[in-house]
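Remarks on the structure that follows.
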Amino acid sequence: MEKSKLLKILKEKELMVSPEGLSELLQIDFPNEIIEELTKRNVIVATKEQIMDIIESKRVEEQVTHIDVLPQSSYDPIAKSIKPRLELSIRNDITGNSRCTGSVEDFVRYFNSRFEKHRRNLRGMASNVGLSSLRDLKNNLKNKESRVIAMVYDKRVTKNGHLLFEIEDDETTANLLIPKDSKLFYDASQILNDEVVAFDVYHAESSLLIGKNFLRPGRLLQERTKRLTDEEVYIGFLSDLHIGSKYFLQGQFQKFLEFINGKGTAEQREIAGKIKYLSFAGDLVDGIGVYPSQEKQLVTKSIHTQYEIFCDFMKNIPEHIECIVAPGNHDAVRVAEPQPALAQEFWESLKGYKNIHFVGNPSAHKVHGLELLMYHGTSLDGIISHTQMYKDGYDHPEKVAVGLLQRRHLSPLYGEDPLVPESNDYMVIEETPDMFHFGHVHKNGHIENYNGTMIVNSGTWQDRTDYQVRLGHMPTPCIFPYYNLHTGKLNHLNFRDG
């Protein structure tokens, strides 16, 4: 297009363009499309980067292939006739509720919220000794045993090999010793800073508390039995698609979409026909600037284009399947947890799809009468690196999930991974879920019944990255877990090889 004509169009659109951006517009065959898109985005002064972003978006959009959905007459899934029973964000969801300003008072309220929620839970546990505050114990109960509920401020091993905790409640602090020859020593060494624990202690003359036993808030989990639904419907689990990465296994993911639409073997068609819900636990796209030199690993360097591709895939999911979609640390939301739901600007084209629901991370939902807790799983990195018990956590993430349920907290180690000090601690597991779905570590893992809770890590749809090769991590891509809500049986389909 001639420069004069292009300038006239820009003037009519009341759009200004940088000299570098104007140069880019003059070199392409479709400047009108770019100008229209800039206008839609309410751009006032267009830069070269914005123009290149849209150009790339158009090119990648042309490359995204669509699956051919089977005609309605040839595929009539059972799940289509079953009425959905879905209650979204019944707890834990920060979306629309963030009030944190980063003040000192915010941090005080945050830790008070964590402490009080766990204290209420721990108070209900049976004890052979009385419950005391740290102040009363220090002042009045020397040479006696008692139970105290406290948060762990710090722990260390003394020069003599004993385990020494500095603990605190809402009144004061105290030191608590676990002798090196105690049967509690190993288990107590796995207690994390900032955990809230009930300690059974003996108050020695030296003012030192001697630990005799301890209980975590999740102890009551042992009293639960697995709950099931009255209808045979399935829920499927996905996470860590990482669309935009050169390692995203697009071909395999399209096979999954074909499966969910009834293409495949008779057995696969039967399975797909019973799927009523899909849970997406974050890292929908690979994102931009998440880690150093990430651009070298991307085939799509526009965050908007990455989400356009994601939306294009989601449009192929049958409308009778309810999709619950949460973000992860690679998505276009704040990095610190809890994370709000993905903003509408990234899924604008899905507005008319009433079966696709965007929620926060973490968040809890009622699915056919059962509680589903969704969490991307970023805290696993810190817990694995700080806890000897979970040294194989990248290979067996389900073990770490058990630890989170026992602690009744999704990110108990404050400061290792970014957390927003909201006045309400949204990371506390206030009600025990029937299903706990998480991702992040790219490794499938599950426990079908942990004291009434089904635990599942849904792996990934991204191939092994250079970073994972350096760390020795072995992901399990394209393995799709699905759970029968009526029988309580978890199964998997492998789309990597087939």
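Each chain in the structure tokens gets a letter, A, B, ..., in the order shown, and its residues are numbered from 1; ligands are numbered from 1 in order too.
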A:Tyr390 surroundings by only C-alpha atoms, 8 Å radius, close-in-sequence under 5 positions cut, as a ChimeraX atom specification
/A:383-384,399-400
Could you find all residues in stretch 167-268 of chain A that DSSP calls helix (DSSP H, G or I) from the backbone, and write them as a PyMOL selection string?
chain A and resi 185-189+217-223+250-260+266-268
Give me, as a ChimeraX atom specification, all polymer residues having an atom no more than 10 Å from A:Thr229, counting only C-alpha atoms and skipping those fewer than 5 positions away in the same chain.
/A:367-370,484-488
Take the residues that were just selected and, keeping C-alpha atoms, output them as a PDB file, in the first residue's frame.
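And here's result_9.pdb as it stands now:
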ATOM      1  CA  VAL A 367     -19.393 -31.620  40.789  1.00  0.00           C
ATOM      2  CA  HIS A 368     -22.415 -33.902  40.774  1.00  0.00           C
ATOM      3  CA  GLY A 369     -22.605 -33.557  44.549  1.00  0.00           C
ATOM      4  CA  LEU A 370     -18.892 -34.224  45.189  1.00  0.00           C
ATOM      5  CA  ASN A 484     -15.969 -42.626  37.487  1.00  0.00           C
ATOM      6  CA  LEU A 485     -17.959 -40.613  40.037  1.00  0.00           C
ATOM      7  CA  HIS A 486     -20.303 -43.557  40.620  1.00  0.00           C
ATOM      8  CA  THR A 487     -17.804 -46.379  41.233  1.00  0.00           C
ATOM      9  CA  GLY A 488     -14.827 -44.353  42.478  1.00  0.00           C
TER      10      GLY A 488
END
From the set A:Leu405, A:Cys100, A:Leu249, A:Ile455, which residue has the shortest atom-to-atom contact distance to A:Asp497, counting only C-alpha atoms?
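When distances to A:Asp497 are compared using only C-alpha atoms, the smallest one comes from A:Leu249.
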With only C-alpha atoms as the counted atoms, please give the residues lying no more than 12 Å from stretch 7-9 of chain A, apart from itself and same-chain residues fewer than 2 positions off, as a list in words.
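Near stretch 7-9 of chain A, the qualifying residues are Met1, Glu2, Lys3, Ser4, Lys5, Lys11, Glu12, Lys13, Glu14, Leu15, Met16, Val17, Ser18, Pro19, Leu22, Ser23, Leu25, Leu26, Pro31, Asn32, Glu33, Ile34, Ile35, Glu36 and Thr39 of chain A.
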When you look at A:Gly262 with a cut-off of 10 Å (counting only C-alpha atoms), what residues show up, excluding the ones that are within fewer than 2 positions of it in the same chain? I need them as a PyMOL selection string.
chain A and resi 69-71+74-77+256-260+264-266+268-273+318
Nearest to A:Glu168: which of A:Gln190, A:Gln468, A:Gln252, A:Ser133 is it, counting only C-alpha atoms?
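Ranking A:Gln190, A:Gln468, A:Gln252, A:Ser133 by distance to A:Glu168, first place goes to A:Ser133.
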Coordinates-based distance that separates atom CA of A:Glu232 from atom CA of A:Ile78 (Å, one decimal):
9.6 Å
Can you tell me which residues surround A:Ile303 at a distance of at most 8 Å, considering only C-alpha atoms, apart from same-chain residues fewer than 4 positions away, and format the answer as a PyMOL selection string?
chain A and resi 287-288+307+332
Give me a file of those residues, with N, CA and C atoms, as a CSV table (one decimal), in the first residue's frame.
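Result file result.csv:
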chain,number,residue,atom,x,y,z
A,287,GLY,N,3.0,-19.0,28.0
A,287,GLY,CA,3.2,-17.6,28.5
A,287,GLY,C,4.4,-16.9,27.9
A,288,ILE,N,4.7,-15.7,28.4
A,288,ILE,CA,5.8,-14.9,27.9
A,288,ILE,C,6.6,-14.4,29.1
A,307,TYR,N,-3.5,-17.7,23.6
A,307,TYR,CA,-4.8,-17.9,24.1
A,307,TYR,C,-5.8,-18.1,23.0
A,332,ALA,N,-1.5,-15.8,32.2
A,332,ALA,CA,-1.5,-14.4,32.2
A,332,ALA,C,-2.3,-13.8,33.4
Gap from atom CA of A:Asn92 to atom CA of A:Ala364 - Å, one decimal
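Atom CA of A:Ala364 lies at a distance of 6.1 Å from atom CA of A:Asn92.
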